[in-house]
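Novice: Okay, so here is target.txt, and as you'll see once you scroll down, it has compact mmCIF, C-alpha atoms and all ligand atoms.
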```
# COMPACT_ATOMS: atom_id res chain seq x y z
CA MET A 1 1.57 -4.34 3.87
CA ASP A 2 1.67 -1.83 1.04
CA GLU A 3 3.90 -4.11 -1.01
CA VAL A 4 1.74 -7.24 -0.74
CA GLY A 5 -0.54 -6.42 -3.67
CA PRO A 6 2.12 -5.75 -6.31
CA SER A 7 4.37 -8.61 -5.19
CA LEU A 8 1.48 -11.07 -5.20
CA ARG A 9 0.58 -9.88 -8.68
CA TYR A 10 4.15 -10.37 -9.92
CA LEU A 11 4.30 -13.77 -8.22
CA GLY A 12 1.06 -14.76 -9.95
CA LEU A 13 2.39 -13.55 -13.29
CA ALA A 14 5.65 -15.44 -12.72
CA ILE A 15 3.73 -18.64 -11.92
CA LEU A 16 1.51 -18.15 -14.98
CA ALA A 17 4.63 -17.59 -17.09
CA ALA A 18 6.06 -20.80 -15.65
CA CYS A 19 2.80 -22.53 -16.63
CA ALA A 20 3.10 -21.25 -20.18
CA ALA A 21 6.73 -22.37 -20.30
CA LEU A 22 5.71 -25.77 -18.96
CA LEU A 23 2.98 -26.04 -21.58
CA LEU A 24 5.41 -25.08 -24.34
CA ALA A 25 8.01 -27.48 -22.98
CA GLY A 26 5.38 -30.22 -22.98
CA GLU A 27 4.38 -29.37 -26.55
CA ALA A 28 8.00 -29.29 -27.64
CA GLY A 29 8.68 -32.61 -25.98
CA TRP A 30 11.30 -31.24 -23.55
CA VAL A 31 9.13 -32.40 -20.68
CA GLY A 32 6.94 -35.49 -20.67
CA SER A 33 3.37 -34.55 -21.59
CA ASP A 34 2.16 -36.40 -18.48
CA ILE A 35 4.35 -34.12 -16.33
CA SER A 36 3.19 -30.94 -18.04
CA ASP A 37 -0.44 -32.12 -17.85
CA GLN A 38 -0.02 -32.95 -14.17
CA TRP A 39 1.54 -29.60 -13.26
CA PHE A 40 -0.13 -27.20 -15.65
CA LEU A 41 -3.59 -26.99 -14.07
CA PRO A 42 -2.54 -26.73 -10.38
CA LEU A 43 0.16 -24.19 -11.24
CA ALA A 44 -2.23 -22.21 -13.43
CA LYS A 45 -4.77 -22.16 -10.60
CA VAL A 46 -2.22 -21.01 -8.01
CA GLY A 47 -0.83 -18.41 -10.41
CA GLY A 48 -4.28 -17.16 -11.31
CA VAL A 49 -5.36 -16.92 -7.67
CA CYS A 50 -2.15 -15.08 -6.70
CA PHE A 51 -2.59 -12.68 -9.59
CA LEU A 52 -6.25 -12.00 -8.84
CA VAL A 53 -5.69 -11.56 -5.11
CA GLY A 54 -2.77 -9.24 -5.80
CA LEU A 55 -4.89 -7.31 -8.28
CA GLY A 56 -7.73 -7.06 -5.74
CA LEU A 57 -5.36 -5.83 -3.04
CA SER A 58 -3.90 -3.25 -5.41
CA LEU A 59 -7.38 -2.04 -6.27
CA LEU A 60 -8.32 -1.78 -2.60
CA GLN A 61 -5.08 -0.10 -1.61
CA PRO A 62 -5.83 3.47 -2.75
CA VAL A 63 -9.14 3.30 -0.88
CA SER A 64 -7.61 2.08 2.37
CA ARG A 65 -4.80 4.61 1.97
CA ARG A 66 -7.33 7.40 1.59
CA ILE A 67 -9.13 6.24 4.72
CA ARG A 68 -5.91 5.93 6.70
CA GLN A 69 -4.39 9.14 5.48
CA GLY A 70 -5.61 12.33 7.04
CA ARG A 71 -5.65 15.77 5.55
CA CYS A 72 -4.28 18.94 7.01
CA ALA A 73 -7.05 20.90 8.70
CA ARG A 74 -5.60 24.13 7.33
CA CYS A 75 -4.29 23.56 3.82
CA GLY A 76 -5.76 20.15 2.93
CA ALA A 77 -2.36 18.61 2.21
CA LYS A 78 -1.93 14.92 2.85
CA THR A 79 -0.66 14.16 6.32
CA GLU A 80 0.90 11.25 8.10
CA ARG A 81 -1.36 8.66 9.66
CA GLY A 82 -3.30 10.08 12.61
CA GLN A 83 -2.04 13.64 12.13
CA SER A 84 -4.53 16.42 11.68
CA TYR A 85 -1.97 18.90 10.29
CA CYS A 86 0.77 18.71 7.70
CA LEU A 87 4.31 19.12 8.99
CA ASP A 88 4.41 22.86 8.28
CA HIS A 89 1.12 23.57 9.97
CA LEU A 90 1.92 21.17 12.81
CA MET A 91 4.98 23.33 13.56
CA ALA A 92 2.96 26.51 13.12
CA THR A 93 0.31 25.22 15.49
CA VAL A 94 2.92 24.29 18.08
CA HIS A 95 4.51 27.73 17.77
CA GLU A 96 1.15 29.44 18.09
CA ALA A 97 0.32 27.35 21.12
CA GLN A 98 3.68 28.29 22.65
CA ASP A 99 3.04 31.94 21.85
CA SER A 100 -0.41 31.88 23.42
CA ILE A 101 0.98 30.18 26.51
CA ARG A 102 3.68 32.84 26.70
CA GLN A 103 1.10 35.59 26.21
CA GLY A 104 -1.06 34.06 28.90
CA GLU A 105 1.88 33.97 31.25
CA SER A 106 2.83 37.57 30.59
CA TYR A 107 -0.82 38.59 30.92
CA ARG A 108 -1.04 36.82 34.26
CA SER A 109 2.27 38.22 35.44
CA ARG A 110 1.18 41.72 34.42
CA ARG A 111 -2.02 41.37 36.40
CA GLY A 112 -0.52 39.52 39.31
ZN ZN B 1 -1.10 22.30 6.17
```
Take the structure in the file and write it out as structure tokens.
Ligand SMILES: [Zn+2]
Specialist:
Amino acid sequence: MDEVGPSLRYLGLAILAACAALLLAGEAGWVGSDISDQWFLPLAKVGGVCFLVGLGLSLLQPVSRRIRQGRCARCGAKTERGQSYCLDHLMATVHEAQDSIRQGESYRSRRG
């Protein structure tokens, strides 16, 4: 999904470049002017739409990425999707949890 915006933009640019080439070819007489006239507008429209949609997706992408991406509750570093801690602090939290469980066990065993 992350690659859709840029590839659509390049596709649109490629189609627009093909349009320009077609127009030049028509002007130069390499292609019949009826053919270049017939294909220029539809191709230009498709290329323009692809480019604009790709551009729009690319503009929206940082926003959606910011929404999707969490931040570490401790250091504020970017985290994987759905994670509330970065990898370092995730490990630290797990270790602390293990320690507290161990302490709880030893506390209970001392009392019991
Ligand atoms: Zn962190």
Novice: Find the residues around A:Cys72 up to 10 Å (only C-alpha atoms counted), leave out those fewer than 2 positions away in its own chain, and share them as a list in words.
Specialist: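 Returned residues: Gln69, Gly70, Arg74, Cys75, Gly76, Ala77, Lys78, Thr79, Glu80, Gln83, Ser84, Tyr85, Cys86, Leu87, Asp88, His89 and Leu90 of chain A.
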Novice: Write out as a list in words the residues lying within 12 Å of A:Gly48, counting only C-alpha atoms and excluding same-chain residues fewer than 4 positions away.
Specialist: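 Result of the neighbour search: Leu8, Arg9, Tyr10, Leu11, Gly12, Leu13, Ala14, Ile15, Leu16, Ala17, Ala18, Cys19, Phe40, Leu41, Pro42, Leu43, Ala44, Leu52, Val53, Gly54 and Leu55 of chain A.
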Novice: Include C-alpha atoms and write out the residues we just selected as a PDB file, keeping the file's coordinate frame.
Specialist:
```pdb
ATOM      1  CA  LEU A   8       1.480 -11.070  -5.200  1.00  0.00           C
ATOM      2  CA  ARG A   9       0.580  -9.880  -8.680  1.00  0.00           C
ATOM      3  CA  TYR A  10       4.150 -10.370  -9.920  1.00  0.00           C
ATOM      4  CA  LEU A  11       4.300 -13.770  -8.220  1.00  0.00           C
ATOM      5  CA  GLY A  12       1.060 -14.760  -9.950  1.00  0.00           C
ATOM      6  CA  LEU A  13       2.390 -13.550 -13.290  1.00  0.00           C
ATOM      7  CA  ALA A  14       5.650 -15.440 -12.720  1.00  0.00           C
ATOM      8  CA  ILE A  15       3.730 -18.640 -11.920  1.00  0.00           C
ATOM      9  CA  LEU A  16       1.510 -18.150 -14.980  1.00  0.00           C
ATOM     10  CA  ALA A  17       4.630 -17.590 -17.090  1.00  0.00           C
ATOM     11  CA  ALA A  18       6.060 -20.800 -15.650  1.00  0.00           C
ATOM     12  CA  CYS A  19       2.800 -22.530 -16.630  1.00  0.00           C
ATOM     13  CA  PHE A  40      -0.130 -27.200 -15.650  1.00  0.00           C
ATOM     14  CA  LEU A  41      -3.590 -26.990 -14.070  1.00  0.00           C
ATOM     15  CA  PRO A  42      -2.540 -26.730 -10.380  1.00  0.00           C
ATOM     16  CA  LEU A  43       0.160 -24.190 -11.240  1.00  0.00           C
ATOM     17  CA  ALA A  44      -2.230 -22.210 -13.430  1.00  0.00           C
ATOM     18  CA  LEU A  52      -6.250 -12.000  -8.840  1.00  0.00           C
ATOM     19  CA  VAL A  53      -5.690 -11.560  -5.110  1.00  0.00           C
ATOM     20  CA  GLY A  54      -2.770  -9.240  -5.800  1.00  0.00           C
ATOM     21  CA  LEU A  55      -4.890  -7.310  -8.280  1.00  0.00           C
TER      22      LEU A  55
END
```
Novice: Quick one, how far is atom CA of A:Gly82 from atom CA of A:Val94?
Specialist: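 Computing the Euclidean distance for atom CA of A:Gly82 and atom CA of A:Val94 yields 16.4 Å.
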Novice: What's the separation between atom CA of A:Gly5 and atom CA of A:Gly56, in Å to one decimal place?
Specialist: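 A separation of 7.5 Å between them.
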Novice: Rank nothing, just name the residue among A:Asp99, A:Ala92, A:Leu59, A:Gly104 nearest to ligand ZN 1 (chain B), using all atoms listed in the file.
Specialist: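 The shortest atom-to-atom distance to ligand ZN 1 (chain B) comes from A:Ala92.
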Novice: Find the residues near A:Leu22: any atom within 10 Å, counting all atoms listed in the file, skip ones fewer than 5 places away on the same chain, and give them as a tab-separated table (two decimals) with C-alpha atoms, in the coordinates of the input.
Specialist:
```
chain	number	residue	atom	x	y	z
A	16	LEU	CA	1.51	-18.15	-14.98
A	17	ALA	CA	4.63	-17.59	-17.09
A	27	GLU	CA	4.38	-29.37	-26.55
A	28	ALA	CA	8.00	-29.29	-27.64
A	30	TRP	CA	11.30	-31.24	-23.55
A	31	VAL	CA	9.13	-32.40	-20.68
A	32	GLY	CA	6.94	-35.49	-20.67
A	33	SER	CA	3.37	-34.55	-21.59
A	35	ILE	CA	4.35	-34.12	-16.33
A	36	SER	CA	3.19	-30.94	-18.04
A	37	ASP	CA	-0.44	-32.12	-17.85
A	39	TRP	CA	1.54	-29.60	-13.26
A	40	PHE	CA	-0.13	-27.20	-15.65
A	43	LEU	CA	0.16	-24.19	-11.24
```
Novice: Which residue, A:Asp34, A:Ala73, A:Ala21, A:Leu57, has the smallest gap to ligand ZN 1 (chain B) when you use all atoms listed in the file?
Specialist: A:Ala73
